[in-house]
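This is run_15.pdb (PDB, C-alpha atoms).
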```pdb
ATOM      1  CA  MET A  47     -50.893  53.293  22.508
ATOM      2  CA  GLY A  48     -48.165  50.983  21.251
ATOM      3  CA  LEU A  49     -47.485  47.458  22.343
ATOM      4  CA  LEU A  50     -43.746  47.559  22.988
ATOM      5  CA  ALA A  51     -44.299  48.262  26.695
ATOM      6  CA  LEU A  52     -45.994  44.863  26.865
ATOM      7  CA  LEU A  53     -42.718  43.209  25.831
ATOM      8  CA  PHE A  54     -41.183  44.209  29.165
ATOM      9  CA  LYS A  55     -44.335  43.901  31.261
ATOM     10  CA  ASP A  56     -45.605  40.553  29.944
ATOM     11  CA  PRO A  57     -43.269  39.048  27.302
ATOM     12  CA  THR A  58     -45.305  35.837  26.954
ATOM     13  CA  THR A  59     -48.432  37.745  25.993
ATOM     14  CA  PHE A  60     -46.401  39.953  23.660
ATOM     15  CA  PHE A  61     -44.965  37.016  21.724
ATOM     16  CA  LEU A  62     -48.392  35.366  21.510
ATOM     17  CA  LEU A  63     -49.739  38.584  20.033
ATOM     18  CA  VAL A  64     -47.015  39.092  17.428
ATOM     19  CA  PRO A  65     -48.201  36.440  14.931
ATOM     20  CA  LEU A  66     -51.879  37.306  15.473
ATOM     21  CA  LEU A  67     -51.373  40.992  14.751
ATOM     22  CA  LEU A  68     -49.004  40.453  11.848
ATOM     23  CA  TYR A  69     -51.439  38.050  10.234
ATOM     24  CA  SER A  70     -54.255  40.522  10.848
ATOM     25  CA  VAL A  71     -52.614  43.063   8.532
ATOM     26  CA  ILE A  72     -51.591  40.305   6.104
ATOM     27  CA  ALA A  73     -55.162  38.935   6.000
ATOM     28  CA  HIS A  74     -56.374  42.475   5.280
ATOM     29  CA  GLU A  75     -54.265  42.623   2.114
ATOM     30  CA  VAL A  76     -54.904  39.035   1.020
ATOM     31  CA  ALA A  77     -58.638  39.739   1.259
ATOM     32  CA  HIS A  78     -58.294  42.640  -1.191
ATOM     33  CA  GLY A  79     -56.488  40.409  -3.698
ATOM     34  CA  TRP A  80     -58.824  37.458  -3.231
ATOM     35  CA  VAL A  81     -61.982  39.518  -3.771
ATOM     36  CA  ALA A  82     -60.351  41.186  -6.772
ATOM     37  CA  SER A  83     -59.802  37.719  -8.269
ATOM     38  CA  LEU A  84     -63.498  36.956  -7.763
ATOM     39  CA  PHE A  85     -64.286  40.019  -9.882
ATOM     40  CA  GLY A  86     -61.869  39.013 -12.644
ATOM     41  CA  ASP A  87     -58.600  40.724 -11.706
ATOM     42  CA  ASN A  88     -55.831  38.178 -11.080
ATOM     43  CA  THR A  89     -53.047  40.770 -10.691
ATOM     44  CA  ALA A  90     -52.435  39.939  -7.016
ATOM     45  CA  LYS A  91     -52.754  36.212  -7.669
ATOM     46  CA  ASP A  92     -50.244  36.327 -10.532
ATOM     47  CA  ALA A  93     -47.843  38.308  -8.340
ATOM     48  CA  GLY A  94     -47.989  35.620  -5.639
ATOM     49  CA  ARG A  95     -49.696  37.974  -3.194
ATOM     50  CA  LEU A  96     -52.566  35.668  -2.224
ATOM     51  CA  SER A  97     -50.084  33.724  -0.113
ATOM     52  CA  PHE A  98     -50.007  34.061   3.678
ATOM     53  CA  ASN A  99     -46.217  33.924   3.628
ATOM     54  CA  PRO A 100     -45.143  37.025   5.615
ATOM     55  CA  LYS A 101     -42.228  37.611   3.204
ATOM     56  CA  SER A 102     -44.745  38.482   0.495
ATOM     57  CA  HIS A 103     -46.470  41.140   2.559
ATOM     58  CA  ILE A 104     -44.443  42.624   5.415
ATOM     59  CA  ASP A 105     -43.756  46.345   5.211
ATOM     60  CA  PRO A 106     -41.046  47.283   7.762
ATOM     61  CA  MET A 107     -42.529  50.710   8.537
ATOM     62  CA  GLY A 108     -46.063  49.369   8.743
ATOM     63  CA  THR A 109     -44.977  46.598  11.113
ATOM     64  CA  LEU A 110     -43.071  49.056  13.300
ATOM     65  CA  ALA A 111     -46.098  51.366  13.396
ATOM     66  CA  LEU A 112     -48.307  48.468  14.457
ATOM     67  CA  PHE A 113     -46.287  47.970  17.631
ATOM     68  CA  LEU A 114     -45.465  51.617  18.273
ATOM     69  CA  VAL A 115     -48.834  53.294  17.771
ATOM     70  CA  GLY A 116     -51.349  50.447  17.673
ATOM     71  CA  PHE A 117     -52.133  50.296  13.956
ATOM     72  CA  GLY A 118     -50.057  49.424  10.930
ATOM     73  CA  TRP A 119     -50.104  48.058   7.422
ATOM     74  CA  ALA A 120     -48.659  45.470   5.060
ATOM     75  CA  LYS A 121     -47.525  46.105   1.481
ATOM     76  CA  PRO A 122     -50.670  46.852  -0.559
ATOM     77  CA  VAL A 123     -51.608  44.070  -2.965
ATOM     78  CA  PRO A 124     -51.692  45.159  -6.607
ATOM     79  CA  VAL A 125     -55.204  45.565  -7.999
ATOM     80  CA  ASP A 126     -56.009  46.624 -11.563
ATOM     81  CA  TYR A 127     -59.438  48.187 -11.110
ATOM     82  CA  ARG A 128     -59.895  48.376 -14.886
ATOM     83  CA  LYS A 129     -60.087  44.583 -15.024
ATOM     84  CA  LEU A 130     -62.866  44.257 -12.460
ATOM     85  CA  SER A 131     -66.165  43.009 -13.792
ATOM     86  CA  SER A 132     -69.186  44.960 -12.536
ATOM     87  CA  SER A 133     -66.766  47.857 -12.148
ATOM     88  CA  ARG A 134     -68.557  49.894  -9.473
ATOM     89  CA  GLN A 135     -69.590  46.895  -7.384
ATOM     90  CA  GLY A 136     -66.134  45.401  -7.844
ATOM     91  CA  ILE A 137     -64.356  48.529  -6.612
ATOM     92  CA  ILE A 138     -66.591  48.726  -3.529
ATOM     93  CA  ALA A 139     -66.273  45.000  -2.742
ATOM     94  CA  VAL A 140     -62.477  44.939  -3.162
ATOM     95  CA  SER A 141     -62.094  48.100  -1.080
ATOM     96  CA  LEU A 142     -64.270  46.799   1.768
ATOM     97  CA  ALA A 143     -62.693  43.330   1.800
ATOM     98  CA  GLY A 144     -59.763  44.226   4.056
ATOM     99  CA  CYS A 145     -61.860  46.087   6.628
ATOM    100  CA  VAL A 146     -64.478  43.317   6.674
ATOM    101  CA  THR A 147     -61.688  40.806   7.322
ATOM    102  CA  ASN A 148     -60.438  42.823  10.302
ATOM    103  CA  ILE A 149     -63.979  43.097  11.658
ATOM    104  CA  LEU A 150     -64.430  39.316  11.359
ATOM    105  CA  ILE A 151     -61.125  38.682  13.164
ATOM    106  CA  ALA A 152     -62.252  41.006  15.973
ATOM    107  CA  THR A 153     -65.622  39.245  16.092
ATOM    108  CA  VAL A 154     -63.964  35.830  16.455
ATOM    109  CA  ALA A 155     -61.694  37.146  19.239
ATOM    110  CA  ILE A 156     -64.642  38.603  21.168
ATOM    111  CA  PHE A 157     -66.680  35.434  20.545
ATOM    112  CA  LEU A 158     -63.930  33.255  22.054
ATOM    113  CA  LEU A 159     -63.941  35.451  25.154
ATOM    114  CA  GLN A 160     -67.508  34.314  25.837
ATOM    115  CA  PHE A 161     -66.190  30.854  26.810
ATOM    116  CA  GLN A 162     -64.955  30.139  30.314
ATOM    117  CA  ILE A 163     -61.896  28.245  29.067
ATOM    118  CA  PHE A 164     -60.620  31.521  27.599
ATOM    119  CA  GLN A 165     -62.022  33.823  30.302
ATOM    120  CA  THR A 166     -60.057  32.050  33.025
ATOM    121  CA  ASN A 167     -56.736  31.901  31.193
ATOM    122  CA  ARG A 168     -54.403  34.778  32.045
ATOM    123  CA  PHE A 169     -52.731  34.621  28.642
ATOM    124  CA  PHE A 170     -55.780  34.280  26.403
ATOM    125  CA  VAL A 171     -57.737  37.208  27.869
ATOM    126  CA  PRO A 172     -55.209  39.978  27.077
ATOM    127  CA  VAL A 173     -54.244  38.372  23.749
ATOM    128  CA  LEU A 174     -57.845  38.184  22.539
ATOM    129  CA  LEU A 175     -58.723  41.637  23.885
ATOM    130  CA  VAL A 176     -55.760  43.298  22.173
ATOM    131  CA  THR A 177     -56.371  41.326  18.954
ATOM    132  CA  ALA A 178     -59.982  42.535  18.913
ATOM    133  CA  ARG A 179     -59.009  46.125  19.731
ATOM    134  CA  ILE A 180     -56.270  46.368  17.098
ATOM    135  CA  ASN A 181     -58.455  44.822  14.390
ATOM    136  CA  ILE A 182     -61.286  47.223  15.179
ATOM    137  CA  ILE A 183     -58.815  50.118  14.953
ATOM    138  CA  LEU A 184     -57.468  48.780  11.649
ATOM    139  CA  GLY A 185     -60.987  48.422  10.264
ATOM    140  CA  ALA A 186     -62.094  51.864  11.448
ATOM    141  CA  PHE A 187     -58.949  53.666  10.323
ATOM    142  CA  ASN A 188     -58.993  52.149   6.839
ATOM    143  CA  LEU A 189     -62.638  53.149   6.334
ATOM    144  CA  ILE A 190     -61.734  56.846   6.506
ATOM    145  CA  PRO A 191     -62.420  58.247   2.991
ATOM    146  CA  ILE A 192     -59.006  59.838   2.422
ATOM    147  CA  PRO A 193     -56.746  58.403  -0.313
ATOM    148  CA  PRO A 194     -55.017  55.979  -0.215
ATOM    149  CA  LEU A 195     -57.162  54.451   2.558
ATOM    150  CA  ASP A 196     -59.816  51.892   1.610
ATOM    151  CA  GLY A 197     -62.649  54.230   2.511
ATOM    152  CA  SER A 198     -61.669  56.538  -0.345
ATOM    153  CA  ARG A 199     -62.073  53.681  -2.847
ATOM    154  CA  VAL A 200     -65.475  52.850  -1.405
ATOM    155  CA  LEU A 201     -66.485  56.506  -1.770
ATOM    156  CA  MET A 202     -65.195  56.544  -5.359
ATOM    157  CA  GLY A 203     -67.573  53.711  -6.155
ATOM    158  CA  PHE A 204     -70.479  56.083  -5.499
ATOM    159  CA  LEU A 205     -69.099  59.360  -6.870
ATOM    160  CA  PRO A 206     -69.642  60.769 -10.378
ATOM    161  CA  TYR A 207     -66.561  60.894 -12.600
ATOM    162  CA  GLY A 208     -65.646  64.538 -11.894
ATOM    163  CA  ALA A 209     -65.713  64.184  -8.106
ATOM    164  CA  LYS A 210     -63.917  60.839  -8.328
ATOM    165  CA  HIS A 211     -61.139  62.440 -10.377
ATOM    166  CA  LYS A 212     -60.681  65.206  -7.775
ATOM    167  CA  LEU A 213     -60.424  62.627  -4.990
ATOM    168  CA  VAL A 214     -57.847  60.624  -6.955
ATOM    169  CA  ARG A 215     -55.722  63.764  -7.329
ATOM    170  CA  LEU A 216     -55.417  63.923  -3.534
ATOM    171  CA  GLU A 217     -53.709  60.522  -3.340
ATOM    172  CA  PRO A 218     -50.073  61.754  -3.639
ATOM    173  CA  TYR A 219     -50.730  64.013  -0.625
ATOM    174  CA  GLY A 220     -53.023  61.650   1.271
ATOM    175  CA  PHE A 221     -50.408  60.295   3.645
ATOM    176  CA  PHE A 222     -49.386  63.789   4.758
ATOM    177  CA  ILE A 223     -53.026  64.863   5.113
ATOM    178  CA  ILE A 224     -53.710  61.826   7.316
ATOM    179  CA  ILE A 225     -50.644  62.516   9.490
ATOM    180  CA  ILE A 226     -51.680  66.158  10.002
ATOM    181  CA  LEU A 227     -55.275  65.225  10.815
ATOM    182  CA  LEU A 228     -54.096  62.584  13.288
ATOM    183  CA  TRP A 229     -51.581  64.946  14.882
ATOM    184  CA  THR A 230     -54.173  67.699  15.320
ATOM    185  CA  GLY A 231     -56.757  65.232  16.650
ATOM    186  CA  ILE A 232     -59.287  66.138  13.963
ATOM    187  CA  LEU A 233     -59.630  62.476  12.950
ATOM    188  CA  ASN A 234     -60.192  61.218  16.491
ATOM    189  CA  PRO A 235     -63.983  61.779  16.554
ATOM    190  CA  VAL A 236     -64.286  60.202  13.098
ATOM    191  CA  ILE A 237     -62.322  57.106  14.141
ATOM    192  CA  THR A 238     -64.312  56.871  17.384
ATOM    193  CA  PHE A 239     -67.601  57.110  15.469
ATOM    194  CA  VAL A 240     -66.574  54.414  12.964
ATOM    195  CA  GLN A 241     -65.379  52.211  15.833
ATOM    196  CA  SER A 242     -68.789  52.536  17.495
ATOM    197  CA  LEU A 243     -70.435  51.431  14.234
ATOM    198  CA  ILE A 244     -68.094  48.436  14.085
ATOM    199  CA  PHE A 245     -68.874  47.515  17.699
ATOM    200  CA  GLY A 246     -72.562  47.621  16.804
ATOM    201  CA  LEU A 247     -71.976  45.393  13.788
ATOM    202  CA  ILE A 248     -69.983  42.924  15.892
ATOM    203  CA  ALA A 249     -72.800  42.835  18.454
ATOM    204  CA  ILE A 250     -75.216  41.975  15.637
ATOM    205  CA  LEU A 251     -72.903  39.253  14.293
ATOM    206  CA  LEU A 252     -72.461  37.731  17.738
ATOM    207  CA  GLY A 253     -76.225  37.800  18.195
ATOM    208  CA  PHE A 254     -76.580  35.344  15.303
ATOM    209  CA  VAL A 255     -74.284  32.763  16.909
ATOM    210  CA  ARG A 256     -75.638  32.852  20.447
TER     211      ARG A 256
END
```

Structure translated into structure tokens:
Amino acid sequence: MGLLALLFKDPTTFFLLVPLLLYSVIAHEVAHGWVASLFGDNTAKDAGRLSFNPKSHIDPMGTLALFLVGFGWAKPVPVDYRKLSSSRQGIIAVSLAGCVTNILIATVAIFLLQFQIFQTNRFFVPVLLVTARINIILGAFNLIPIPPLDGSRVLMGFLPYGAKHKLVRLEPYGFFIIIILLWTGILNPVITFVQSLIFGLIAILLGFVR
């Protein structure tokens, strides 16, 4: 469900959420570029895409989707996978970086809700809950192994060359495949399953800080 209804129901909460959600998708992309630089590819860095300046990242359609349907995207950072050292490990690490970032943001939001100062504030509770929910959705959705989603790159890191090549050939059609699978509801159980795994991971992470 989108968030635009919140603008009319609770405008204060809506405007508190806007920067948090926008920076959630921006942080997702910056994480890809930053991890790529750790593995030797400075393409995103040289293009000025490791900045948190929204002008460097905002995709109008992705931002609109974020508030209309509950998940969205920023402009993908450029990564030259040929330049990554430890090629297979580099591809997997770069691909997971964005989803891990969203999971960490959700973990922080849920962690803050454990404190009474946030539990008793009528603004903080919905803001943190929605921030956690959207970041879990972003993490789960991007882990689906359909090009051009991050999960497909992770899968490619484990596949032999022939299978990897076949998966790459799907990329021009990936967006349409994803739309059809979402529209028919086929992806819903997959997203729900991945979300449950993320919830379990967050529970483990929170267990370390209690």

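Here the question is which of A:Ile163, A:Leu50, A:Ile149, A:Ala90 gets nearest to A:Leu112 using only C-alpha atoms, and that residue is A:Leu50.
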
(request) Point out the residue among A:Leu247, A:Ala77, A:Leu84, A:Leu189 with the least atom-to-atom distance to A:Leu130, counting all atoms listed in the file. (result)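 So, comparing all the options, the nearest one is A:Leu84.
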
(message) When the PyMOL selection byres ((chain A and resi 49) around 12) is applied to the structure above, which residues does it catch, written out as JSON, numbers by chain?
(response) {"A": [47, 48, 50, 51, 52, 53, 54, 55, 56, 57, 59, 60, 61, 63, 64, 67, 109, 110, 111, 112, 113, 114, 115, 116, 117, 118, 172, 173, 176, 177, 179, 180]}

Could the residues in this selection be saved with C-alpha atoms as a short mmCIF file (atom, residue, chain, number, x, y, z; two decimals), in the coordinates of the input?
```cif
data_model
loop_
_atom_site.label_atom_id
_atom_site.label_comp_id
_atom_site.auth_asym_id
_atom_site.auth_seq_id
_atom_site.Cartn_x
_atom_site.Cartn_y
_atom_site.Cartn_z
CA MET A 47 -50.89 53.29 22.51
CA GLY A 48 -48.16 50.98 21.25
CA LEU A 50 -43.75 47.56 22.99
CA ALA A 51 -44.30 48.26 26.70
CA LEU A 52 -45.99 44.86 26.86
CA LEU A 53 -42.72 43.21 25.83
CA PHE A 54 -41.18 44.21 29.16
CA LYS A 55 -44.34 43.90 31.26
CA ASP A 56 -45.60 40.55 29.94
CA PRO A 57 -43.27 39.05 27.30
CA THR A 59 -48.43 37.74 25.99
CA PHE A 60 -46.40 39.95 23.66
CA PHE A 61 -44.96 37.02 21.72
CA LEU A 63 -49.74 38.58 20.03
CA VAL A 64 -47.02 39.09 17.43
CA LEU A 67 -51.37 40.99 14.75
CA THR A 109 -44.98 46.60 11.11
CA LEU A 110 -43.07 49.06 13.30
CA ALA A 111 -46.10 51.37 13.40
CA LEU A 112 -48.31 48.47 14.46
CA PHE A 113 -46.29 47.97 17.63
CA LEU A 114 -45.46 51.62 18.27
CA VAL A 115 -48.83 53.29 17.77
CA GLY A 116 -51.35 50.45 17.67
CA PHE A 117 -52.13 50.30 13.96
CA GLY A 118 -50.06 49.42 10.93
CA PRO A 172 -55.21 39.98 27.08
CA VAL A 173 -54.24 38.37 23.75
CA VAL A 176 -55.76 43.30 22.17
CA THR A 177 -56.37 41.33 18.95
CA ARG A 179 -59.01 46.12 19.73
CA ILE A 180 -56.27 46.37 17.10
#
```

(message) So the first atom is atom CA of A:Phe254 and the second is atom CA of A:Thr153; what is the distance between them in Å, to one decimal place?
(response)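 About the pair atom CA of A:Phe254 and atom CA of A:Thr153: they are 11.7 Å apart.
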
(request) Between atom CA of A:Asn181 and atom CA of A:Ile151, measure the distance and give it in Å to one decimal. (result) 6.8 Å

(request) Enter the distance from atom CA of A:Val200 to atom CA of A:Ile138, in Å, rounded to one decimal. (result)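 Computed distance, atom CA of A:Val200 to atom CA of A:Ile138, equals 4.8 Å.
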
(request) Can you give me, as a VMD selection string, the residues this file yields under the PyMOL selection byres ((chain A and resi 93-106) around 7)? (result) chain A and resid 72 76 79 to 80 89 to 92 107 to 110 119 to 121 123

Contact check, stretch 99-196 of chain A to stretch 217-241 of chain A, at most 10 Å, counting all atoms listed in the file, closest pairs as a tab-separated table:
```
residue	atom	partner	partner_atom	distance
A:Arg179	CA	A:Gln241	CA	9.6
A:Ile182	CA	A:Gln241	CA	6.5
A:Ile183	CA	A:Gln241	CA	6.9
A:Leu184	CA	A:Gln241	CA	9.6
A:Gly185	CA	A:Gln241	CA	8.0
A:Ala186	CA	A:Val240	CA	5.4
A:Phe187	CA	A:Ile237	CA	6.1
A:Asn188	CA	A:Ile237	CA	9.4
A:Leu189	CA	A:Val240	CA	7.8
A:Ile190	CA	A:Ile237	CA	7.7
A:Ile192	CA	A:Gly220	CA	6.4
A:Pro193	CA	A:Glu217	CA	4.8
A:Pro194	CA	A:Glu217	CA	5.7
A:Leu195	CA	A:Gly220	CA	8.4
```

(request) Measuring atom to atom with all atoms listed in the file, identify which of A:Val71, A:Val140, A:Ile244, A:Val171 is nearest to A:Ala155. (result) A:Val171

(message) With distances taken over all atoms listed in the file, which residue among A:Val146, A:Ile137, A:Leu174, A:Leu62 lies nearest A:Ser83?
(response)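 Under the stated criterion, the closest residue is A:Ile137.
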